[in-house]
file final_20.pdb (PDB, C-alpha atoms)
MODEL        1
ATOM      1  CA  MET A   2    -132.334 203.100   3.557  1.00  0.00           C
ATOM      2  CA  LEU A   3    -134.465 200.926   1.320  1.00  0.00           C
ATOM      3  CA  ILE A   4    -138.006 201.882   0.437  1.00  0.00           C
ATOM      4  CA  GLU A   5    -140.303 198.903   0.901  1.00  0.00           C
ATOM      5  CA  THR A   6    -142.067 197.835  -2.271  1.00  0.00           C
ATOM      6  CA  ARG A   7    -145.034 195.535  -2.865  1.00  0.00           C
ATOM      7  CA  GLU A   8    -142.535 192.848  -3.771  1.00  0.00           C
ATOM      8  CA  ASP A   9    -140.827 193.340  -0.387  1.00  0.00           C
ATOM      9  CA  GLN A  10    -144.166 193.079   1.421  1.00  0.00           C
ATOM     10  CA  ARG A  11    -145.009 189.895  -0.471  1.00  0.00           C
ATOM     11  CA  PHE A  12    -141.580 188.449   0.362  1.00  0.00           C
ATOM     12  CA  TRP A  13    -141.764 189.264   4.092  1.00  0.00           C
ATOM     13  CA  SER A  14    -145.259 187.768   4.343  1.00  0.00           C
ATOM     14  CA  HIS A  15    -143.549 184.371   3.817  1.00  0.00           C
ATOM     15  CA  VAL A  16    -140.844 184.760   6.482  1.00  0.00           C
ATOM     16  CA  GLU A  17    -141.076 183.500  10.058  1.00  0.00           C
ATOM     17  CA  LYS A  18    -138.287 184.280  12.519  1.00  0.00           C
ATOM     18  CA  SER A  19    -137.298 181.273  14.648  1.00  0.00           C
ATOM     19  CA  GLU A  20    -135.648 181.072  18.069  1.00  0.00           C
ATOM     20  CA  SER A  21    -132.540 179.631  16.399  1.00  0.00           C
ATOM     21  CA  GLY A  22    -131.960 182.938  14.623  1.00  0.00           C
ATOM     22  CA  CYS A  23    -132.993 181.551  11.248  1.00  0.00           C
ATOM     23  CA  TRP A  24    -135.585 183.429   9.242  1.00  0.00           C
ATOM     24  CA  LEU A  25    -137.546 180.566   7.737  1.00  0.00           C
ATOM     25  CA  TRP A  26    -139.220 180.775   4.354  1.00  0.00           C
ATOM     26  CA  THR A  27    -142.805 179.550   4.752  1.00  0.00           C
ATOM     27  CA  GLY A  28    -143.790 179.877   1.111  1.00  0.00           C
ATOM     28  CA  SER A  29    -143.229 177.430  -1.711  1.00  0.00           C
ATOM     29  CA  LYS A  30    -139.960 175.466  -1.727  1.00  0.00           C
ATOM     30  CA  ASN A  31    -138.038 173.491  -4.325  1.00  0.00           C
ATOM     31  CA  TYR A  32    -137.136 169.800  -3.997  1.00  0.00           C
ATOM     32  CA  SER A  33    -134.034 170.701  -1.958  1.00  0.00           C
ATOM     33  CA  GLY A  34    -135.942 172.816   0.558  1.00  0.00           C
ATOM     34  CA  TYR A  35    -134.856 176.232  -0.757  1.00  0.00           C
ATOM     35  CA  GLY A  36    -137.549 178.894  -0.800  1.00  0.00           C
ATOM     36  CA  LYS A  37    -139.023 179.807  -4.191  1.00  0.00           C
ATOM     37  CA  PHE A  38    -140.059 183.400  -4.798  1.00  0.00           C
ATOM     38  CA  MET A  39    -141.731 184.848  -7.878  1.00  0.00           C
ATOM     39  CA  ARG A  40    -140.085 188.215  -8.302  1.00  0.00           C
ATOM     40  CA  ALA A  41    -141.404 191.079 -10.398  1.00  0.00           C
ATOM     41  CA  GLY A  42    -139.804 191.753 -13.745  1.00  0.00           C
ATOM     42  CA  GLY A  43    -138.929 189.625 -16.696  1.00  0.00           C
ATOM     43  CA  PRO A  44    -141.577 188.315 -19.073  1.00  0.00           C
ATOM     44  CA  PRO A  45    -143.869 188.517 -17.031  1.00  0.00           C
ATOM     45  CA  TYR A  46    -142.220 187.190 -13.825  1.00  0.00           C
ATOM     46  CA  ARG A  47    -138.953 185.537 -12.845  1.00  0.00           C
ATOM     47  CA  ASN A  48    -138.474 182.768 -10.326  1.00  0.00           C
ATOM     48  CA  ALA A  49    -135.766 183.216  -7.723  1.00  0.00           C
ATOM     49  CA  THR A  50    -134.657 181.311  -4.682  1.00  0.00           C
ATOM     50  CA  ALA A  51    -135.614 183.277  -1.595  1.00  0.00           C
ATOM     51  CA  HIS A  52    -132.108 183.376  -0.125  1.00  0.00           C
ATOM     52  CA  ARG A  53    -130.667 184.756  -3.377  1.00  0.00           C
ATOM     53  CA  TRP A  54    -133.461 187.342  -3.616  1.00  0.00           C
ATOM     54  CA  ILE A  55    -132.813 188.661  -0.105  1.00  0.00           C
ATOM     55  CA  TRP A  56    -129.056 188.765  -0.750  1.00  0.00           C
ATOM     56  CA  GLU A  57    -129.546 190.862  -3.878  1.00  0.00           C
ATOM     57  CA  ARG A  58    -132.145 193.071  -2.226  1.00  0.00           C
ATOM     58  CA  LEU A  59    -130.002 193.884   0.812  1.00  0.00           C
ATOM     59  CA  ARG A  60    -126.407 193.362  -0.361  1.00  0.00           C
ATOM     60  CA  GLY A  61    -126.471 193.887  -4.118  1.00  0.00           C
ATOM     61  CA  PRO A  62    -125.808 191.779  -7.214  1.00  0.00           C
ATOM     62  CA  ILE A  63    -124.347 188.298  -6.948  1.00  0.00           C
ATOM     63  CA  PRO A  64    -121.163 188.080  -9.036  1.00  0.00           C
ATOM     64  CA  GLU A  65    -121.113 185.600 -11.916  1.00  0.00           C
ATOM     65  CA  GLY A  66    -120.218 182.096 -10.791  1.00  0.00           C
ATOM     66  CA  MET A  67    -120.859 182.778  -7.117  1.00  0.00           C
ATOM     67  CA  PHE A  68    -123.298 180.951  -4.839  1.00  0.00           C
ATOM     68  CA  VAL A  69    -125.213 182.300  -1.863  1.00  0.00           C
ATOM     69  CA  CYS A  70    -124.330 179.762   0.846  1.00  0.00           C
ATOM     70  CA  HIS A  71    -125.735 179.174   4.339  1.00  0.00           C
ATOM     71  CA  HIS A  72    -123.603 179.245   7.499  1.00  0.00           C
ATOM     72  CA  CYS A  73    -126.584 177.690   9.318  1.00  0.00           C
ATOM     73  CA  ASP A  74    -127.103 174.857   6.790  1.00  0.00           C
ATOM     74  CA  VAL A  75    -130.875 175.503   6.717  1.00  0.00           C
ATOM     75  CA  PRO A  76    -131.945 175.738   3.053  1.00  0.00           C
ATOM     76  CA  SER A  77    -135.138 177.660   3.876  1.00  0.00           C
ATOM     77  CA  CYS A  78    -133.289 180.297   5.944  1.00  0.00           C
ATOM     78  CA  VAL A  79    -133.273 183.814   4.476  1.00  0.00           C
ATOM     79  CA  ASN A  80    -131.512 185.624   7.343  1.00  0.00           C
ATOM     80  CA  PRO A  81    -128.820 187.666   5.561  1.00  0.00           C
ATOM     81  CA  ASP A  82    -126.512 187.249   8.588  1.00  0.00           C
ATOM     82  CA  HIS A  83    -126.570 183.483   7.944  1.00  0.00           C
ATOM     83  CA  LEU A  84    -125.596 183.851   4.275  1.00  0.00           C
ATOM     84  CA  PHE A  85    -122.238 184.232   2.565  1.00  0.00           C
ATOM     85  CA  LEU A  86    -120.966 184.302  -1.005  1.00  0.00           C
ATOM     86  CA  GLY A  87    -118.735 181.513  -2.223  1.00  0.00           C
ATOM     87  CA  LYS A  88    -117.786 179.482  -5.263  1.00  0.00           C
ATOM     88  CA  HIS A  89    -118.970 175.925  -5.724  1.00  0.00           C
ATOM     89  CA  ARG A  90    -115.780 174.545  -4.211  1.00  0.00           C
ATOM     90  CA  ASP A  91    -116.231 176.784  -1.134  1.00  0.00           C
ATOM     91  CA  ASN A  92    -119.751 175.440  -0.652  1.00  0.00           C
ATOM     92  CA  MET A  93    -118.570 171.840  -1.088  1.00  0.00           C
ATOM     93  CA  ARG A  94    -115.659 172.376   1.335  1.00  0.00           C
ATOM     94  CA  ASP A  95    -118.099 173.810   3.873  1.00  0.00           C
ATOM     95  CA  ALA A  96    -120.437 170.838   3.341  1.00  0.00           C
ATOM     96  CA  ARG A  97    -117.618 168.335   3.754  1.00  0.00           C
ATOM     97  CA  GLN A  98    -116.334 170.004   6.939  1.00  0.00           C
ATOM     98  CA  LYS A  99    -119.822 169.966   8.452  1.00  0.00           C
ATOM     99  CA  GLN A 100    -120.491 166.417   7.209  1.00  0.00           C
ATOM    100  CA  ARG A 101    -123.798 167.426   5.664  1.00  0.00           C
ATOM    101  CA  LEU A 102    -123.457 165.808   2.267  1.00  0.00           C
ATOM    102  CA  THR A 103    -126.229 163.418   1.303  1.00  0.00           C
ATOM    103  CA  GLY A 104    -125.986 160.250  -0.718  1.00  0.00           C
ATOM    104  CA  SER A 105    -122.410 159.266   0.000  1.00  0.00           C
ATOM    105  CA  PRO A 106    -121.559 160.666   3.438  1.00  0.00           C
ATOM    106  CA  GLY A 107    -118.280 162.553   3.458  1.00  0.00           C
ATOM    107  CA  ILE A 108    -117.564 161.910  -0.225  1.00  0.00           C
ATOM    108  CA  VAL A 109    -117.255 164.901  -2.510  1.00  0.00           C
ATOM    109  CA  LEU A 110    -115.384 165.574  -5.706  1.00  0.00           C
ATOM    110  CA  THR A 111    -112.269 167.705  -5.535  1.00  0.00           C
ATOM    111  CA  GLU A 112    -111.011 170.132  -8.146  1.00  0.00           C
ATOM    112  CA  ASP A 113    -108.426 167.548  -9.229  1.00  0.00           C
ATOM    113  CA  ASP A 114    -111.171 164.917  -9.546  1.00  0.00           C
ATOM    114  CA  VAL A 115    -113.192 167.197 -11.809  1.00  0.00           C
ATOM    115  CA  ILE A 116    -110.199 167.867 -14.077  1.00  0.00           C
ATOM    116  CA  LEU A 117    -109.561 164.123 -14.318  1.00  0.00           C
ATOM    117  CA  ILE A 118    -113.255 163.338 -14.952  1.00  0.00           C
ATOM    118  CA  ARG A 119    -113.463 165.915 -17.739  1.00  0.00           C
ATOM    119  CA  GLY A 120    -110.391 164.457 -19.419  1.00  0.00           C
ATOM    120  CA  ILE A 121    -111.741 160.912 -19.169  1.00  0.00           C
ATOM    121  CA  CYS A 122    -115.160 161.945 -20.488  1.00  0.00           C
ATOM    122  CA  LYS A 123    -113.635 163.896 -23.360  1.00  0.00           C
ATOM    123  CA  ARG A 124    -111.754 160.773 -24.462  1.00  0.00           C
ATOM    124  CA  ARG A 125    -114.739 158.506 -23.668  1.00  0.00           C
ATOM    125  CA  LEU A 126    -112.585 156.078 -21.705  1.00  0.00           C
ATOM    126  CA  PHE A 127    -115.287 155.107 -19.168  1.00  0.00           C
ATOM    127  CA  THR A 128    -119.065 155.408 -18.870  1.00  0.00           C
ATOM    128  CA  LEU A 129    -120.627 157.868 -16.447  1.00  0.00           C
ATOM    129  CA  GLU A 130    -121.783 154.887 -14.385  1.00  0.00           C
ATOM    130  CA  GLU A 131    -118.231 153.530 -14.148  1.00  0.00           C
ATOM    131  CA  LEU A 132    -116.899 156.932 -13.109  1.00  0.00           C
ATOM    132  CA  ALA A 133    -119.652 157.346 -10.529  1.00  0.00           C
ATOM    133  CA  GLU A 134    -118.719 154.011  -8.980  1.00  0.00           C
ATOM    134  CA  ARG A 135    -115.005 154.823  -9.074  1.00  0.00           C
ATOM    135  CA  PHE A 136    -115.432 158.241  -7.397  1.00  0.00           C
ATOM    136  CA  GLY A 137    -118.205 157.135  -5.023  1.00  0.00           C
ATOM    137  CA  VAL A 138    -120.733 159.723  -6.174  1.00  0.00           C
ATOM    138  CA  SER A 139    -123.921 159.684  -8.224  1.00  0.00           C
ATOM    139  CA  VAL A 140    -124.051 159.483 -12.017  1.00  0.00           C
ATOM    140  CA  LEU A 141    -125.720 162.896 -11.932  1.00  0.00           C
ATOM    141  CA  ALA A 142    -122.765 164.373 -10.015  1.00  0.00           C
ATOM    142  CA  ILE A 143    -120.364 162.988 -12.650  1.00  0.00           C
ATOM    143  CA  TRP A 144    -122.498 164.285 -15.522  1.00  0.00           C
ATOM    144  CA  LYS A 145    -122.817 167.764 -13.978  1.00  0.00           C
ATOM    145  CA  ALA A 146    -119.072 167.980 -13.283  1.00  0.00           C
ATOM    146  CA  SER A 147    -118.141 166.697 -16.751  1.00  0.00           C
ATOM    147  CA  THR A 148    -120.449 169.112 -18.573  1.00  0.00           C
ATOM    148  CA  GLY A 149    -119.552 172.169 -16.496  1.00  0.00           C
ATOM    149  CA  ARG A 150    -122.988 172.480 -14.915  1.00  0.00           C
ATOM    150  CA  THR A 151    -121.128 172.374 -11.607  1.00  0.00           C
ATOM    151  CA  TRP A 152    -117.528 173.389 -10.991  1.00  0.00           C
ATOM    152  CA  ARG A 153    -117.789 176.145 -13.651  1.00  0.00           C
ATOM    153  CA  ASP A 154    -114.651 177.838 -12.343  1.00  0.00           C
ATOM    154  CA  VAL A 155    -112.461 174.754 -12.951  1.00  0.00           C
TER     155      VAL A 155
ENDMDL
END

call {"tool": "encode", "arguments": {"input": "final_20.pdb", "output": "structure tokens"}}
result
Amino acid sequence: MLIETREDQRFWSHVEKSESGCWLWTGSKNYSGYGKFMRAGGPPYRNATAHRWIWERLRGPIPEGMFVCHHCDVPSCVNPDHLFLGKHRDNMRDARQKQRLTGSPGIVLTEDDVILIRGICKRRLFTLEELAERFGVSVLAIWKASTGRTWRDV
């Protein structure tokens, strides 16, 4: 059994349980709608996304390279029963299956695409803009994939 701390009390003061079963974060959110929570520790505080904080608090550390994903597809949801651990490709597969990708509906890079993009970028055969057009995604998606900011496990 966990002993409730001041940090826990502060966290729960920003959670509202909805009829859908989601526990919605009512505090500050980032540009993607994920809850932002200032956790204790670090110099002097550390920012965390609310769904990652609750996962760590109730389920333990998040392994390196893993994401805390939502079964419910509600970024502000912090219900641990709606969360699961997965790699980037698992999250993208889930997004593709549920058709919830923004920008280019239904278009997402595959592992093979990322390998090809990294090879092309390494040899500077095409610009990021040309690759983005070719793969039907944003320039940012190409840049992140090519630099390892996404798809770290590839």

call {"tool": "residues_around", "arguments": {"input": "final_20.pdb", "residues": "Glu8 of chain A", "least_positions_apart": "5", "cutoff": "9 Å", "atoms": "only C-alpha atoms", "output": "list in words"}}
result
Trp13, Arg40 and Ala41 of chain A

call {"tool": "write_last_selection", "arguments": {"input": "final_20.pdb", "atoms": "C-alpha atoms", "output": "PDB file, in the coordinates of the input"}}
result
ATOM      1  CA  TRP A  13    -141.764 189.264   4.092  1.00  0.00           C
ATOM      2  CA  ARG A  40    -140.085 188.215  -8.302  1.00  0.00           C
ATOM      3  CA  ALA A  41    -141.404 191.079 -10.398  1.00  0.00           C
TER       4      ALA A  41
END

call {"tool": "closest_residue", "arguments": {"input": "final_20.pdb", "among": "A:Cys23, A:Val115, A:Ile121, A:Met67", "to": "Lys145 of chain A", "atoms": "all atoms listed in the file"}}
result
A:Val115

call {"tool": "resolve_selection", "arguments": {"input": "final_20.pdb", "expression": "the PyMOL selection byres ((chain A and resi 12) around 12)", "output": "MDAnalysis selection string"}}
result
chainID A and resid 5:11 13:17 24:29 36:41 49:52 54:55 58 79

call {"tool": "closest_residue", "arguments": {"input": "final_20.pdb", "among": "A:Cys70, A:Leu110, A:Val75, A:Val155", "to": "Asp91 of chain A", "atoms": "only C-alpha atoms"}}
result
A:Cys70

call {"tool": "atom_distance", "arguments": {"input": "final_20.pdb", "atom1": "atom CA of Phe136 of chain A", "atom2": "atom CA of Asp95 of chain A"}}
result
19.4 Å

call {"tool": "closest_residue", "arguments": {"input": "final_20.pdb", "among": "A:Cys122, A:Lys30, A:Trp152, A:Ala133", "to": "Asn48 of chain A", "atoms": "only C-alpha atoms"}}
result
A:Lys30

call {"tool": "resolve_selection", "arguments": {"input": "final_20.pdb", "expression": "the PyMOL selection byres ((chain A and resi 22) around 10)", "output": "list in words"}}
result
Lys18, Ser19, Glu20, Ser21, Cys23, Trp24, Leu25, Cys73, Cys78, Asn80, Asp82 and His83 of chain A

call {"tool": "atom_distance", "arguments": {"input": "final_20.pdb", "atom1": "atom CA of Thr128 of chain A", "atom2": "atom CA of Asp114 of chain A"}}
result
15.5 Å

call {"tool": "closest_residue", "arguments": {"input": "final_20.pdb", "among": "A:Phe68, A:Thr148, A:Gly61, A:Pro76", "to": "Ile116 of chain A", "atoms": "all atoms listed in the file"}}
result
A:Thr148

call {"tool": "decode", "arguments": {"input": "final_20.pdb", "residues": "segment 26-51 of chain A", "atoms": "N, CA and C atoms", "output": "PDB file, in the first residue's frame"}}
result
ATOM      1  N   TRP A  26      -6.963  14.884 -16.684  1.00  0.00           N
ATOM      2  CA  TRP A  26      -6.052  15.852 -16.079  1.00  0.00           C
ATOM      3  C   TRP A  26      -6.621  17.245 -16.333  1.00  0.00           C
ATOM      4  N   THR A  27      -6.873  17.992 -15.257  1.00  0.00           N
ATOM      5  CA  THR A  27      -7.451  19.326 -15.384  1.00  0.00           C
ATOM      6  C   THR A  27      -6.420  20.424 -15.203  1.00  0.00           C
ATOM      7  N   GLY A  28      -5.193  20.037 -14.916  1.00  0.00           N
ATOM      8  CA  GLY A  28      -4.126  21.022 -14.751  1.00  0.00           C
ATOM      9  C   GLY A  28      -3.549  21.435 -16.097  1.00  0.00           C
ATOM     10  N   SER A  29      -2.375  21.986 -16.060  1.00  0.00           N
ATOM     11  CA  SER A  29      -1.699  22.463 -17.261  1.00  0.00           C
ATOM     12  C   SER A  29      -1.436  21.312 -18.228  1.00  0.00           C
ATOM     13  N   LYS A  30      -1.503  21.630 -19.536  1.00  0.00           N
ATOM     14  CA  LYS A  30      -1.271  20.616 -20.569  1.00  0.00           C
ATOM     15  C   LYS A  30      -0.259  21.140 -21.585  1.00  0.00           C
ATOM     16  N   ASN A  31       0.417  20.232 -22.263  1.00  0.00           N
ATOM     17  CA  ASN A  31       1.329  20.629 -23.324  1.00  0.00           C
ATOM     18  C   ASN A  31       0.557  20.825 -24.624  1.00  0.00           C
ATOM     19  N   TYR A  32       1.253  21.172 -25.694  1.00  0.00           N
ATOM     20  CA  TYR A  32       0.602  21.475 -26.972  1.00  0.00           C
ATOM     21  C   TYR A  32      -0.152  20.278 -27.560  1.00  0.00           C
ATOM     22  N   SER A  33       0.182  19.072 -27.120  1.00  0.00           N
ATOM     23  CA  SER A  33      -0.501  17.876 -27.625  1.00  0.00           C
ATOM     24  C   SER A  33      -1.654  17.425 -26.733  1.00  0.00           C
ATOM     25  N   GLY A  34      -1.892  18.146 -25.653  1.00  0.00           N
ATOM     26  CA  GLY A  34      -2.995  17.809 -24.759  1.00  0.00           C
ATOM     27  C   GLY A  34      -2.641  16.886 -23.609  1.00  0.00           C
ATOM     28  N   TYR A  35      -1.356  16.536 -23.466  1.00  0.00           N
ATOM     29  CA  TYR A  35      -0.916  15.690 -22.357  1.00  0.00           C
ATOM     30  C   TYR A  35      -0.737  16.552 -21.108  1.00  0.00           C
ATOM     31  N   GLY A  36      -1.169  16.017 -19.972  1.00  0.00           N
ATOM     32  CA  GLY A  36      -1.041  16.747 -18.723  1.00  0.00           C
ATOM     33  C   GLY A  36       0.410  16.988 -18.353  1.00  0.00           C
ATOM     34  N   LYS A  37       0.689  18.181 -17.816  1.00  0.00           N
ATOM     35  CA  LYS A  37       2.031  18.517 -17.331  1.00  0.00           C
ATOM     36  C   LYS A  37       1.977  18.578 -15.807  1.00  0.00           C
ATOM     37  N   PHE A  38       2.946  17.948 -15.178  1.00  0.00           N
ATOM     38  CA  PHE A  38       2.977  17.906 -13.714  1.00  0.00           C
ATOM     39  C   PHE A  38       4.391  18.205 -13.244  1.00  0.00           C
ATOM     40  N   MET A  39       4.499  19.152 -12.320  1.00  0.00           N
ATOM     41  CA  MET A  39       5.795  19.509 -11.747  1.00  0.00           C
ATOM     42  C   MET A  39       6.017  18.610 -10.539  1.00  0.00           C
ATOM     43  N   ARG A  40       6.892  17.641 -10.704  1.00  0.00           N
ATOM     44  CA  ARG A  40       7.138  16.691  -9.630  1.00  0.00           C
ATOM     45  C   ARG A  40       8.263  17.195  -8.721  1.00  0.00           C
ATOM     46  N   ALA A  41       8.274  16.709  -7.511  1.00  0.00           N
ATOM     47  CA  ALA A  41       9.328  17.071  -6.565  1.00  0.00           C
ATOM     48  C   ALA A  41      10.622  16.378  -6.965  1.00  0.00           C
ATOM     49  N   GLY A  42      11.721  16.940  -6.578  1.00  0.00           N
ATOM     50  CA  GLY A  42      13.015  16.346  -6.879  1.00  0.00           C
ATOM     51  C   GLY A  42      13.707  17.068  -8.006  1.00  0.00           C
ATOM     52  N   GLY A  43      14.935  16.732  -8.225  1.00  0.00           N
ATOM     53  CA  GLY A  43      15.690  17.412  -9.269  1.00  0.00           C
ATOM     54  C   GLY A  43      16.074  18.800  -8.795  1.00  0.00           C
ATOM     55  N   PRO A  44      16.708  19.572  -9.637  1.00  0.00           N
ATOM     56  CA  PRO A  44      17.151  20.910  -9.206  1.00  0.00           C
ATOM     57  C   PRO A  44      16.269  22.030  -9.745  1.00  0.00           C
ATOM     58  N   PRO A  45      15.362  22.641  -9.066  1.00  0.00           N
ATOM     59  CA  PRO A  45      14.706  22.179  -7.837  1.00  0.00           C
ATOM     60  C   PRO A  45      13.519  21.261  -8.129  1.00  0.00           C
ATOM     61  N   TYR A  46      12.917  21.356  -9.337  1.00  0.00           N
ATOM     62  CA  TYR A  46      11.782  20.504  -9.682  1.00  0.00           C
ATOM     63  C   TYR A  46      11.995  19.902 -11.060  1.00  0.00           C
ATOM     64  N   ARG A  47      11.253  18.853 -11.356  1.00  0.00           N
ATOM     65  CA  ARG A  47      11.306  18.238 -12.683  1.00  0.00           C
ATOM     66  C   ARG A  47       9.907  18.195 -13.269  1.00  0.00           C
ATOM     67  N   ASN A  48       9.806  18.534 -14.541  1.00  0.00           N
ATOM     68  CA  ASN A  48       8.536  18.404 -15.240  1.00  0.00           C
ATOM     69  C   ASN A  48       8.327  16.950 -15.630  1.00  0.00           C
ATOM     70  N   ALA A  49       7.081  16.538 -15.626  1.00  0.00           N
ATOM     71  CA  ALA A  49       6.727  15.189 -16.076  1.00  0.00           C
ATOM     72  C   ALA A  49       5.370  15.280 -16.756  1.00  0.00           C
ATOM     73  N   THR A  50       5.109  14.370 -17.667  1.00  0.00           N
ATOM     74  CA  THR A  50       3.742  14.281 -18.167  1.00  0.00           C
ATOM     75  C   THR A  50       2.952  13.498 -17.120  1.00  0.00           C
ATOM     76  N   ALA A  51       1.710  13.890 -16.945  1.00  0.00           N
ATOM     77  CA  ALA A  51       0.892  13.322 -15.874  1.00  0.00           C
ATOM     78  C   ALA A  51       0.702  11.817 -16.029  1.00  0.00           C
TER      79      ALA A  51
END
